[in-house]
>>> print(open('work-v1.txt').read())   # compact mmCIF, C-alpha atoms and all ligand atoms
# COMPACT_ATOMS: atom_id res chain seq x y z
CA THR A 29 27.86 0.94 -23.94
CA THR A 30 24.90 1.93 -26.00
CA HIS A 31 23.45 5.38 -25.97
CA LEU A 32 20.13 5.36 -24.21
CA ASP A 33 17.40 7.75 -25.07
CA PRO A 34 15.31 8.58 -22.01
CA THR A 35 12.21 9.23 -24.10
CA PRO A 36 9.54 6.75 -23.07
CA SER A 37 8.50 3.99 -25.42
CA GLU A 38 11.72 4.25 -27.39
CA LYS A 39 13.73 1.10 -27.37
CA ALA A 40 15.85 1.04 -24.23
CA ILE A 41 17.78 -2.12 -25.09
CA HIS A 42 18.50 -4.18 -28.20
CA PHE A 43 16.01 -6.82 -29.24
CA GLY A 44 18.52 -9.64 -28.76
CA GLU A 45 19.25 -8.47 -25.27
CA ALA A 46 15.53 -8.22 -24.47
CA LEU A 47 14.95 -11.70 -25.85
CA GLN A 48 17.70 -13.06 -23.64
CA GLN A 49 16.26 -11.22 -20.66
CA TRP A 50 12.78 -12.59 -21.32
CA ALA A 51 14.15 -16.15 -21.52
CA GLN A 52 16.11 -15.62 -18.31
CA PHE A 53 13.11 -14.26 -16.38
CA GLN A 54 10.90 -16.96 -17.85
CA SER A 55 13.05 -19.81 -16.62
CA LYS A 56 13.61 -18.10 -13.27
CA THR A 57 9.87 -17.63 -12.66
CA HIS A 58 8.55 -20.73 -14.40
CA ALA A 59 7.54 -22.58 -11.22
CA LEU A 60 5.88 -19.44 -9.86
CA SER A 61 3.98 -18.98 -13.13
CA LEU A 62 2.61 -22.51 -12.93
CA ASN A 63 1.61 -21.95 -9.33
CA LEU A 64 -0.19 -18.72 -10.21
CA THR A 65 -1.86 -20.36 -13.23
CA SER A 66 -3.36 -23.16 -11.17
CA GLN A 67 -4.64 -20.73 -8.55
CA LEU A 68 -6.07 -18.30 -11.11
CA ARG A 69 -7.79 -21.11 -12.99
CA LEU A 70 -9.99 -21.66 -9.95
CA ILE A 71 -10.66 -17.98 -9.42
CA LEU A 72 -11.10 -16.64 -12.93
CA THR A 73 -13.11 -19.40 -14.56
CA PRO A 74 -16.57 -19.69 -13.00
CA SER A 75 -17.57 -22.99 -11.50
CA GLN A 76 -19.37 -25.37 -13.88
CA ALA A 77 -21.36 -26.92 -11.04
CA THR A 78 -24.13 -24.35 -11.04
CA LYS A 79 -27.37 -24.91 -9.20
CA LEU A 80 -30.59 -26.05 -10.83
CA SER A 81 -32.91 -23.10 -11.26
CA GLY A 82 -35.66 -21.48 -13.29
CA ALA A 83 -39.11 -22.50 -14.52
CA PHE A 84 -39.38 -24.52 -17.73
CA ARG A 85 -41.83 -26.87 -19.40
CA THR A 86 -39.21 -29.59 -19.44
CA GLY A 87 -36.23 -30.03 -17.22
CA LYS A 88 -34.23 -32.05 -14.80
CA ARG A 89 -35.99 -31.66 -11.47
CA LEU A 90 -39.42 -30.45 -10.32
CA ASN A 91 -39.70 -27.02 -8.79
CA ILE A 92 -41.82 -27.85 -5.73
CA LYS A 93 -42.97 -24.26 -5.22
CA ARG A 94 -44.70 -24.35 -8.57
CA ILE A 95 -46.71 -27.54 -8.04
CA ILE A 96 -49.66 -25.97 -6.14
CA PRO A 97 -50.13 -23.09 -8.65
CA TYR A 98 -49.87 -25.74 -11.39
CA ILE A 99 -52.78 -27.75 -9.96
CA ALA A 100 -54.73 -24.60 -9.01
CA SER A 101 -54.48 -23.32 -12.57
CA SER A 102 -55.98 -26.53 -13.87
CA TYR A 103 -52.57 -27.58 -15.12
CA LYS A 104 -52.16 -24.49 -17.32
CA ARG A 105 -49.20 -22.94 -15.52
CA ASP A 106 -47.01 -25.85 -16.45
CA LYS A 107 -43.52 -24.38 -16.20
CA ILE A 108 -42.69 -26.55 -13.27
CA TRP A 109 -39.24 -27.84 -14.15
CA MET A 110 -35.79 -26.60 -13.19
CA ARG A 111 -32.75 -26.77 -15.45
CA ARG A 112 -29.07 -26.54 -14.89
CA ALA A 113 -28.12 -23.03 -16.03
CA VAL A 114 -25.06 -22.82 -18.25
CA PRO A 115 -22.72 -20.14 -16.88
CA THR A 116 -21.99 -17.33 -19.29
CA LYS A 117 -18.44 -17.48 -20.44
CA ARG A 118 -16.33 -14.92 -18.65
CA CYS A 119 -13.69 -13.12 -20.64
CA TYR A 120 -11.00 -10.86 -19.34
CA GLN A 121 -8.97 -7.88 -20.40
CA VAL A 122 -5.91 -7.40 -18.25
CA LEU A 123 -3.52 -4.45 -18.31
CA LEU A 124 -0.18 -4.89 -16.58
CA ALA A 125 1.26 -1.46 -15.76
CA VAL A 126 4.97 -1.31 -14.98
CA ASP A 127 6.49 1.69 -13.22
CA ASP A 128 9.20 3.00 -15.57
CA SER A 129 10.35 5.82 -13.26
CA GLU A 130 13.87 6.41 -12.05
CA SER A 131 13.10 5.55 -8.42
CA MET A 132 12.73 1.94 -9.56
CA MET A 133 16.51 1.84 -10.02
CA GLY A 134 16.98 2.88 -6.39
CA SER A 135 18.95 5.95 -7.35
CA THR A 136 20.52 8.07 -4.64
CA GLY A 137 21.64 11.60 -5.15
CA SER A 138 24.83 11.59 -3.14
CA GLY A 139 27.99 9.59 -3.35
CA ALA A 140 29.28 11.13 -6.54
CA ALA A 141 31.42 13.99 -5.37
CA SER A 142 30.95 15.77 -8.65
CA GLY A 143 27.22 15.78 -8.16
CA VAL A 144 26.90 14.15 -11.54
CA LYS A 145 23.84 12.03 -11.95
CA GLN A 146 24.65 8.47 -11.00
CA THR A 147 21.66 6.89 -12.56
CA GLY A 148 22.78 7.00 -16.17
CA GLU A 149 23.72 3.34 -15.97
CA ASN A 150 22.64 0.93 -18.62
CA ARG A 151 19.58 -1.06 -17.72
CA GLY A 152 21.79 -4.11 -18.17
CA ASP A 153 23.48 -3.18 -14.91
CA MET A 154 20.12 -3.28 -13.16
CA ASP A 155 20.36 -4.45 -9.54
CA PRO A 156 18.97 -8.01 -9.78
CA THR A 157 17.24 -7.64 -6.40
CA GLY A 158 15.99 -4.08 -6.96
CA PRO A 159 12.43 -2.98 -7.76
CA ALA A 160 13.05 -2.54 -11.51
CA SER A 161 14.25 -6.10 -11.94
CA MET A 162 11.44 -7.38 -9.72
CA ALA A 163 8.86 -5.50 -11.80
CA LEU A 164 10.07 -7.03 -15.06
CA GLU A 165 10.23 -10.51 -13.54
CA SER A 166 6.70 -10.07 -12.23
CA LEU A 167 5.60 -8.86 -15.65
CA VAL A 168 7.01 -11.99 -17.30
CA MET A 169 5.59 -14.26 -14.61
CA VAL A 170 2.06 -12.85 -14.59
CA SER A 171 1.74 -12.39 -18.34
CA ARG A 172 2.83 -15.98 -18.96
CA SER A 173 0.30 -17.25 -16.44
CA LEU A 174 -2.47 -15.33 -18.14
CA ALA A 175 -1.34 -16.59 -21.56
CA MET A 176 -1.41 -20.19 -20.29
CA LEU A 177 -4.95 -19.69 -18.96
CA GLU A 178 -6.18 -18.24 -22.26
CA VAL A 179 -8.83 -16.23 -20.43
CA GLY A 180 -8.60 -13.11 -22.52
CA LYS A 181 -6.46 -10.26 -23.73
CA VAL A 182 -3.37 -8.94 -22.04
CA GLY A 183 -1.78 -5.54 -22.55
CA VAL A 184 1.24 -3.85 -20.98
CA LEU A 185 1.61 -0.20 -20.06
CA GLY A 186 4.64 1.68 -18.83
CA PHE A 187 4.28 4.77 -16.69
CA GLY A 188 6.37 7.49 -15.13
CA LYS A 189 6.15 11.10 -16.15
CA GLU A 190 4.35 9.77 -19.24
CA THR A 191 2.26 6.67 -19.78
CA PHE A 192 2.93 4.53 -22.85
CA VAL A 193 1.62 1.32 -24.35
CA ALA A 194 4.33 -1.36 -24.40
CA HIS A 195 1.96 -4.07 -25.66
CA GLY A 196 -1.56 -3.41 -26.90
CA LEU A 197 -4.55 -5.52 -25.90
CA GLU A 198 -4.91 -6.50 -29.56
CA ASP A 199 -1.22 -7.36 -30.07
CA PRO A 200 -0.21 -11.03 -30.42
CA PRO A 201 -0.36 -12.88 -27.08
CA PHE A 202 2.63 -13.51 -24.86
CA THR A 203 2.90 -17.10 -25.93
CA SER A 204 6.01 -16.25 -27.91
CA PRO A 205 9.14 -14.81 -26.34
CA GLU A 206 9.33 -12.36 -29.27
CA ALA A 207 6.14 -10.57 -28.21
CA GLY A 208 7.43 -10.38 -24.66
CA ALA A 209 10.87 -9.15 -25.65
CA LYS A 210 9.33 -6.34 -27.68
CA ALA A 211 7.49 -5.16 -24.57
CA LEU A 212 10.57 -5.48 -22.35
CA GLN A 213 12.53 -3.33 -24.77
CA LYS A 214 10.42 -0.29 -23.97
CA PHE A 215 11.46 -0.04 -20.32
CA SER A 216 14.38 2.18 -19.38
CA PHE A 217 13.50 3.17 -15.78
CA LYS A 218 14.63 6.69 -16.49
CA GLN A 219 11.46 8.69 -16.31
CA SER A 220 11.86 11.63 -13.98
CA GLY A 221 8.41 11.43 -12.39
CA THR A 222 5.78 8.96 -11.18
CA GLU A 223 2.42 10.26 -12.34
CA VAL A 224 0.00 7.61 -11.15
CA GLN A 225 -2.97 9.83 -12.04
CA ASN A 226 -1.91 9.82 -15.71
CA LEU A 227 -1.67 6.05 -15.62
CA LEU A 228 -5.16 5.63 -14.14
CA ARG A 229 -6.70 8.09 -16.62
CA ARG A 230 -5.11 6.19 -19.51
CA THR A 231 -6.10 2.80 -18.08
CA ILE A 232 -9.76 3.83 -17.73
CA ASP A 233 -9.79 5.25 -21.27
CA ILE A 234 -8.17 2.15 -22.82
CA PHE A 235 -10.62 -0.13 -21.03
CA SER A 236 -13.69 1.87 -21.97
CA GLU A 237 -12.63 1.86 -25.62
CA ALA A 238 -11.93 -1.88 -25.44
CA ARG A 239 -15.33 -2.51 -23.86
CA ASN A 240 -17.07 -0.70 -26.72
CA LEU A 241 -15.06 -2.67 -29.26
CA ASN A 242 -15.94 -5.89 -27.49
CA ALA A 243 -19.66 -5.08 -27.45
CA GLY A 244 -19.64 -4.05 -31.11
CA GLY A 245 -17.80 -7.17 -32.21
CA GLY A 246 -20.82 -9.43 -31.71
CA ALA A 247 -19.33 -10.85 -28.54
CA GLY A 248 -21.91 -9.06 -26.44
CA GLN A 249 -23.00 -12.29 -24.77
CA GLU A 250 -19.73 -12.56 -22.96
CA ASP A 251 -19.28 -11.44 -19.42
CA LEU A 252 -16.36 -9.00 -19.69
CA TRP A 253 -14.08 -8.32 -16.71
CA GLN A 254 -11.39 -5.66 -16.79
CA LEU A 255 -8.45 -5.78 -14.47
CA ALA A 256 -5.35 -3.59 -14.13
CA ILE A 257 -2.33 -4.77 -12.16
CA VAL A 258 0.19 -2.06 -11.28
CA LEU A 259 3.77 -3.14 -10.58
CA SER A 260 5.65 -0.35 -8.81
CA ASP A 261 7.87 0.60 -5.88
CA GLY A 262 4.81 2.43 -4.56
CA LEU A 263 6.53 5.80 -4.36
CA ALA A 264 4.34 8.65 -5.54
CA SER A 265 3.95 12.14 -4.19
CA THR A 266 1.11 12.41 -1.72
CA GLY A 267 -0.16 15.49 -3.58
CA GLN A 268 -1.63 13.04 -6.10
CA PHE A 269 -3.50 10.93 -3.59
CA GLU A 270 -6.81 12.84 -3.71
CA GLY A 271 -6.82 12.72 -7.51
CA ILE A 272 -5.97 9.01 -7.43
CA ARG A 273 -8.92 8.34 -5.10
CA ARG A 274 -11.25 10.13 -7.51
CA LEU A 275 -9.96 8.11 -10.46
CA LEU A 276 -10.28 4.86 -8.53
CA ARG A 277 -13.92 5.68 -7.83
CA GLU A 278 -14.44 6.31 -11.53
CA ALA A 279 -12.73 3.00 -12.35
CA GLY A 280 -14.99 1.23 -9.87
CA GLU A 281 -18.11 2.73 -11.44
CA ARG A 282 -16.93 1.43 -14.81
CA LYS A 283 -16.29 -2.01 -13.29
CA VAL A 284 -12.54 -1.76 -13.77
CA MET A 285 -10.56 -3.34 -10.96
CA VAL A 286 -7.15 -1.93 -10.07
CA VAL A 287 -4.68 -3.94 -8.00
CA PHE A 288 -1.51 -2.19 -6.85
CA VAL A 289 1.49 -4.45 -6.24
CA VAL A 290 4.15 -2.65 -4.21
CA LEU A 291 7.54 -4.20 -4.95
CA ASP A 292 9.25 -3.54 -1.67
CA ALA A 293 12.60 -4.88 -2.78
CA LYS A 294 15.52 -4.79 -0.45
CA ALA A 295 16.97 -1.57 -1.77
CA LYS A 296 20.68 -0.94 -1.73
CA ALA A 297 21.36 0.52 1.70
CA PRO A 298 22.54 4.09 1.23
CA SER A 299 26.29 4.47 1.57
CA GLY A 300 25.44 6.80 4.46
CA ALA A 301 28.32 8.75 5.92
CA GLY A 302 26.60 8.56 9.27
CA VAL A 303 26.86 5.80 11.81
CA GLY A 304 24.55 6.91 14.61
CA ALA A 305 21.31 6.80 12.71
CA GLY A 306 20.64 5.49 9.26
CA GLY A 307 23.59 3.56 7.98
CA ALA A 308 23.65 -0.16 7.62
CA ASN A 309 20.71 -1.12 9.83
CA ALA A 310 18.36 1.60 8.63
CA SER A 311 15.23 0.32 7.00
CA THR A 312 14.58 1.10 3.36
CA SER A 313 11.24 -0.70 3.43
CA ILE A 314 8.17 1.24 2.37
CA LEU A 315 6.56 -0.03 5.58
CA HIS A 316 8.78 2.37 7.49
CA LEU A 317 8.71 5.29 5.08
CA LYS A 318 7.49 8.47 6.74
CA GLN A 319 5.71 11.43 5.26
CA ALA A 320 6.22 14.96 6.55
CA ARG A 321 3.80 17.74 5.78
CA MET A 322 3.28 21.28 6.92
CA GLU A 323 -0.12 22.02 8.35
CA LYS A 324 -1.54 25.45 9.10
CA THR A 325 -2.97 25.62 12.62
CA ALA A 326 -6.08 27.61 13.59
CA ASP A 327 -3.93 30.54 14.74
CA GLY A 328 -2.02 30.60 11.45
CA ARG A 329 1.22 28.93 12.53
CA MET A 330 2.78 26.17 10.47
CA GLU A 331 3.00 22.85 12.22
CA VAL A 332 4.99 19.80 11.16
CA LYS A 333 3.13 16.50 10.93
CA VAL A 334 5.01 13.22 10.47
CA GLU A 335 2.95 10.18 9.54
CA LYS A 336 3.44 6.79 7.96
CA TYR A 337 3.45 7.10 4.18
CA LEU A 338 1.26 4.02 3.70
CA ASP A 339 -1.41 5.39 6.05
CA GLY A 340 -2.50 7.71 3.28
CA PHE A 341 -2.00 5.26 0.41
CA PRO A 342 -5.09 5.61 -1.81
CA PHE A 343 -5.37 2.10 -3.27
CA GLN A 344 -7.92 -0.17 -1.64
CA TYR A 345 -6.50 -3.32 -3.17
CA TYR A 346 -2.77 -3.38 -2.68
CA LEU A 347 -0.09 -5.90 -1.85
CA ILE A 348 3.40 -5.50 -0.50
CA ILE A 349 5.81 -8.03 -1.97
CA ARG A 350 9.35 -8.40 -0.67
CA GLU A 351 10.28 -11.58 -2.56
CA MET A 352 9.09 -12.88 -5.92
CA GLU A 353 8.04 -16.13 -4.25
CA GLU A 354 5.29 -14.27 -2.38
CA LEU A 355 3.57 -12.96 -5.50
CA PRO A 356 1.45 -15.94 -6.71
CA ASN A 357 -0.26 -16.53 -3.35
CA ALA A 358 -0.68 -12.85 -2.55
CA LEU A 359 -2.09 -11.93 -5.95
CA ALA A 360 -4.42 -14.93 -6.06
CA GLY A 361 -5.58 -14.19 -2.52
CA LEU A 362 -6.40 -10.59 -3.34
CA LEU A 363 -8.29 -11.51 -6.52
CA ARG A 364 -10.22 -14.19 -4.64
CA GLN A 365 -11.20 -11.60 -2.03
CA TRP A 366 -12.30 -9.17 -4.73
CA PHE A 367 -14.38 -11.74 -6.62
CA GLY A 368 -15.94 -12.71 -3.31
CA GLU A 369 -16.94 -9.09 -2.70
CA VAL A 370 -18.35 -8.37 -6.16
CA SER A 371 -20.37 -11.56 -6.33
CA GLY A 372 -21.84 -10.81 -2.90
CA MET B 5 8.27 29.86 -5.79
CA ALA B 6 5.06 28.08 -4.91
CA SER B 7 4.81 25.02 -7.06
CA THR B 8 1.42 24.51 -8.61
CA ASN B 9 2.10 20.94 -9.63
CA SER B 10 1.47 19.18 -6.36
CA SER B 11 2.67 15.90 -7.78
CA GLU B 12 6.22 17.21 -8.04
CA SER B 13 6.40 18.75 -4.65
CA SER B 14 7.97 16.04 -2.55
CA VAL B 15 11.33 14.34 -2.33
CA ARG B 16 12.43 11.24 -0.47
CA ILE B 17 15.35 11.73 1.85
CA PHE B 18 17.46 9.46 3.97
CA PHE B 19 18.75 10.90 7.23
CA SER B 20 21.93 9.90 8.98
CA THR B 21 24.31 11.46 11.48
CA ASN B 22 27.74 11.07 13.07
CA ASP B 23 26.54 12.53 16.33
CA PRO B 24 25.95 9.75 18.90
CA THR B 25 23.94 12.18 21.06
CA LEU B 26 21.30 12.58 18.35
CA PRO B 27 20.22 9.05 17.48
CA LEU B 28 17.29 8.61 15.10
CA PRO B 29 15.19 5.42 15.29
CA ALA B 30 16.07 3.21 12.31
CA GLU B 31 12.47 3.25 11.07
CA CYS B 32 12.52 7.06 10.94
CA SER B 33 15.51 7.53 8.67
CA GLN B 34 13.52 7.39 5.47
CA ILE B 35 11.04 10.21 4.91
CA ASN B 36 9.22 12.13 2.16
CA VAL B 37 9.39 15.86 2.66
CA PRO B 38 8.05 18.83 0.69
CA SER B 39 10.79 19.73 -1.77
CA ASP B 40 10.46 23.48 -1.25
CA ILE B 41 11.81 23.30 2.29
CA GLY B 42 15.40 24.01 3.35
CA ARG B 43 17.46 23.93 6.53
CA TYR B 44 14.79 25.37 8.82
CA GLY B 45 12.03 23.04 7.61
CA LEU B 46 14.25 19.96 7.89
CA SER B 47 15.30 21.01 11.38
CA ARG B 48 11.66 21.34 12.42
CA ILE B 49 10.82 17.93 10.95
CA LEU B 50 13.64 16.21 12.84
CA ASN B 51 12.62 17.97 16.04
CA SER B 52 9.03 16.81 15.74
CA SER B 53 7.52 13.57 16.98
CA PRO B 54 8.33 10.67 16.33
CA MET B 55 11.74 11.65 14.98
CA LEU B 56 14.50 12.75 17.41
CA ASN B 57 13.30 12.39 20.96
CA THR B 58 14.96 15.47 22.36
CA THR B 59 13.63 17.27 25.42
CA SER B 60 13.96 20.67 23.76
CA PRO B 61 14.42 21.51 20.06
CA VAL B 62 17.99 21.20 18.78
CA PRO B 63 18.89 23.59 15.92
CA LEU B 64 20.37 21.49 13.14
CA ASP B 65 22.42 21.95 10.00
CA PHE B 66 22.40 19.60 7.03
CA LEU B 67 25.04 18.23 4.71
CA ILE B 68 24.36 16.75 1.33
CA ASN B 69 27.36 15.27 -0.38
CA GLY B 70 29.62 17.14 2.02
CA ASP B 71 28.11 20.58 1.39
CA PHE B 72 25.90 22.49 3.78
CA LEU B 73 22.37 22.85 2.50
CA ARG B 74 21.62 26.57 2.15
CA GLY B 75 18.74 26.83 -0.30
CA SER B 76 15.76 24.54 -0.67
CA LEU B 77 15.94 20.85 -1.52
CA SER B 78 14.41 21.47 -4.94
CA GLU B 79 17.12 24.05 -5.64
CA TYR B 80 19.72 21.49 -4.65
CA LEU B 81 18.18 18.89 -6.96
CA SER B 82 18.01 21.18 -9.96
CA ALA B 83 21.52 22.57 -9.37
CA ASN B 84 22.83 19.00 -9.46
CA GLY B 85 20.70 17.80 -12.35
CA LEU B 86 18.78 15.35 -10.18
CA SER B 87 15.14 14.43 -10.66
CA PRO B 88 12.55 14.33 -7.88
CA GLU B 89 12.78 10.54 -8.19
CA THR B 90 16.15 10.61 -6.45
CA THR B 91 16.55 9.68 -2.81
CA VAL B 92 18.74 12.33 -1.22
CA GLU B 93 21.09 11.31 1.56
CA VAL B 94 21.14 14.01 4.20
CA VAL B 95 23.55 14.10 7.15
CA TYR B 96 22.41 16.17 10.10
CA VAL B 97 24.68 17.90 12.61
CA ARG B 98 24.12 20.34 15.47
CA ALA B 99 24.13 23.91 14.18
CA LEU B 100 27.26 25.49 15.63
CA VAL B 101 26.30 29.11 15.20
CA PRO B 102 22.78 30.49 15.35
CA PRO B 103 21.78 30.24 11.70
CA LYS B 104 21.16 33.42 9.80
CA PHE B 105 17.72 34.14 8.49
CA ASP B 106 17.13 32.25 5.29
CA LYS B 107 14.14 32.61 3.05
CA SER B 108 13.50 28.91 2.60
CA PHE B 109 11.17 27.54 5.21
MG MG C 401 9.05 6.56 -8.99
>>> encode(input="work-v1.txt", output="structure tokens")
Amino acid sequence: TTHLDPTPSEKAIHFGEALQQWAQFQSKTHALSLNLTSQLRLILTPSQATKLSGAFRTGKRLNIKRIIPYIASSYKRDKIWMRRAVPTKRCYQVLLAVDDSESMMGSTGSGAASGVKQTGENRGDMDPTGPASMALESLVMVSRSLAMLEVGKVGVLGFGKETFVAHGLEDPPFTSPEAGAKALQKFSFKQSGTEVQNLLRRTIDIFSEARNLNAGGGAGQEDLWQLAIVLSDGLASTGQFEGIRRLLREAGERKVMVVFVVLDAKAKAPSGAGVGAGGANASTSILHLKQARMEKTADGRMEVKVEKYLDGFPFQYYLIIREMEELPNALAGLLRQWFGEVSG
Amino acid sequence: MASTNSSESSVRIFFSTNDPTLPLPAECSQINVPSDIGRYGLSRILNSSPMLNTTSPVPLDFLINGDFLRGSLSEYLSANGLSPETTVEVVYVRALVPPKFDKSF
């Protein structure tokens, strides 16, 4: 097997292998891509059937409210016509952020009697139903949908302990498998941390730079929308949650939308020596994940609090996906809800 | 050994047991815990609601990969070259002898 360098953004697999993987994911998710494309077309491109409005000297229909002032002004205030307003063209910048951390491979610390790290496997041996595989399939599916729609620019980030750019917003679009394979190559799922705060900081910075570039490029007339879609197993330490909330507020103020897609894949059940609890019927779903924390009581004692992990989850817009088939409807539904909220 | 980087301070564990008298609800087997805790902290977590529904606290010992946990979880992880991204499988058993004082919570 090939030697794999755990440094992010280095090539984790050969180009040929990545190309093959892209083709495989593309054919596997083709129907889902088409489904997502047709749903997004309705959501992302504003309706052409806009209402008649305004006050013009010539137009399509009379504005009744302006008739009396028109007569009263001795026919001087003659802007009495309404026109059909042409909607400004919306353009999008989308960043797809894929969790490149080790937890995506569903690694467990026990089992190897030697205590030697078990997770050094080649990405080629990736569990086809695990979160890592699901994240890459989702990446291929969503990026192809966006490319088919031609609504704007698409970039890909990887994150873990470090955040890296796997495909820049200005790079050639994902219409060719080569561009996609180059992005796939960067993912190793070996990063030893999941720093969501780093990712959000980087996302906000990339978008604000891209917005300036867009405004300076003479395309200022366009209505620019910036959207980040995070594809992750959803596991991050709760110590980050306050910082994440702050960054999400900042993103909101800058009109950057962040959608978090939790890939709640059916993880390999732990080999579990036990039979009474855990074992085969234990749930590995994030829906059941608990969070324990120590809390200091008024009289200075330490008290244990056990809560549901998701109860503290800081993302307002998040989805939990167990099967790939659920993604097009769920993602479209969430975006529809968001557009409904921002347009009042 | 207070960790200042809060984002590295928790680890996901998976509890199981061979003791039929200490059943844990299936939806409670998977839990994130502060990584600086050891035997005593884990025992308190399992004895709290909604984990083991025991009438009075049961002192517990913990096995990871067949070895009793003596230090903290983070010490275990670093001694075995594991990252905080790893899910640790922990088997709990009744503590046979009153455990000696240990400095990990
Ligand atoms: Mg992770």
>>> residues_near_ligand(input="work-v1.txt", ligand="ligand MG 401 (chain C)", cutoff="6 Å", atoms="all atoms listed in the file", output="ChimeraX atom specification")
/A:129-132,221-222,263 /B:89
>>> write_last_selection(input="work-v1.txt", atoms="C-alpha atoms", output="PDB file, in the frame of the given file")
ATOM      1  CA  SER A 129      10.350   5.820 -13.260  1.00  0.00           C
ATOM      2  CA  GLU A 130      13.870   6.410 -12.050  1.00  0.00           C
ATOM      3  CA  SER A 131      13.100   5.550  -8.420  1.00  0.00           C
ATOM      4  CA  MET A 132      12.730   1.940  -9.560  1.00  0.00           C
ATOM      5  CA  GLY A 221       8.410  11.430 -12.390  1.00  0.00           C
ATOM      6  CA  THR A 222       5.780   8.960 -11.180  1.00  0.00           C
ATOM      7  CA  LEU A 263       6.530   5.800  -4.360  1.00  0.00           C
TER       8      LEU A 263
ATOM      9  CA  GLU B  89      12.780  10.540  -8.190  1.00  0.00           C
TER      10      GLU B  89
END
>>> residues_near_point(input="work-v1.txt", point="(-4.2, 4.2, -0.8)", cutoff="10 Å", atoms="only C-alpha atoms", output="ChimeraX atom specification")
/A:262,266,269-270,272-273,276,288,337-346
>>> closest_atom_pairs(input="work-v1.txt", of="chain B", to="chain A", cutoff="8 Å", atoms="all atoms listed in the file", output="CSV")
residue,atom,partner,partner_atom,distance
B:Ser10,CA,A:Gly267,CA,4.9
B:Ser11,CA,A:Gly267,CA,5.1
B:Glu12,CA,A:Ser265,CA,6.8
B:Ser13,CA,A:Ser265,CA,7.1
B:Ser14,CA,A:Ser265,CA,5.8
B:Val15,CA,A:Ser265,CA,7.9
B:Phe18,CA,A:Gly306,CA,7.3
B:Phe19,CA,A:Gly306,CA,6.1
B:Ser20,CA,A:Gly306,CA,4.6
B:Thr21,CA,A:Gly302,CA,4.3
B:Asn22,CA,A:Gly302,CA,4.7
B:Asp23,CA,A:Gly304,CA,6.2
B:Pro24,CA,A:Gly304,CA,5.3
B:Leu26,CA,A:Gly304,CA,7.5
B:Pro27,CA,A:Ala305,CA,5.4
B:Leu28,CA,A:Ala305,CA,5.0
B:Pro29,CA,A:Ala305,CA,6.8
B:Ala30,CA,A:Ala310,CA,4.6
B:Glu31,CA,A:His316,CA,5.2
B:Cys32,CA,A:Lys318,CA,6.7
B:Ser33,CA,A:Gly306,CA,5.6
B:Gln34,CA,A:Leu317,CA,5.3
B:Ile35,CA,A:Lys318,CA,4.4
B:Asn36,CA,A:Gln319,CA,4.7
B:Val37,CA,A:Ala320,CA,5.1
B:Pro38,CA,A:Arg321,CA,6.7
B:Arg48,CA,A:Val332,CA,7.0
B:Ile49,CA,A:Val332,CA,6.1
B:Ser52,CA,A:Val332,CA,6.8
B:Ser53,CA,A:Val334,CA,7.0
B:Pro54,CA,A:Val334,CA,7.2
B:Ile68,CA,A:Ser138,CA,6.8
B:Asn69,CA,A:Ser138,CA,5.2
B:Asn84,CA,A:Gly143,CA,5.6
B:Gly85,CA,A:Lys145,CA,6.6
B:Leu86,CA,A:Lys145,CA,6.3
B:Ser87,CA,A:Ser220,CA,5.4
B:Pro88,CA,A:Ser220,CA,6.7
B:Glu89,CA,A:Ser131,CA,5.0
B:Thr90,CA,A:Thr136,CA,5.4
B:Thr91,CA,A:Thr136,CA,4.7
B:Val92,CA,A:Gly137,CA,4.9
B:Glu93,CA,A:Ser138,CA,6.0
B:Val95,CA,A:Gly302,CA,6.7
>>> residues_around(input="work-v1.txt", residues="Leu67 in chain B", least_positions_apart="3", cutoff="7 Å", atoms="all atoms listed in the file", output="list in words")
Gly70, Asp71, Phe72, Leu73, Val94, Val95 and Tyr96 of chain B
>>> closest_residue(input="work-v1.txt", among="A:Ala279, A:Ile95, A:Leu68, A:Ala113", to="Ser81 in chain A", atoms="only C-alpha atoms")
A:Ala113
>>> axis_aligned_box(input="work-v1.txt", around="range 339-355 of chain A", padding_each_side="6 Å", output="lines of an AutoDock Vina configuration file")
center_x = 1.2
center_y = -4.2
center_z = 0.1
size_x = 30.2
size_y = 35.8
size_z = 24.0
>>> atom_distance(input="work-v1.txt", atom1="CA of His195 in chain A", atom2="CA of Asn226 in chain A")
17.5 Å
>>> atom_distance(input="work-v1.txt", atom1="CA of Gly186 in chain A", atom2="CA of Asp128 in chain A")
5.8 Å
>>> atom_distance(input="work-v1.txt", atom1="CA of Ser173 in chain A", atom2="CA of Phe202 in chain A")
9.5 Å
>>> residues_near_point(input="work-v1.txt", point="(18.4, 22.1, -4.3)", cutoff="10 Å", atoms="only C-alpha atoms", output="NGL selection string")
:B and (39-42 or 68 or 73-86)
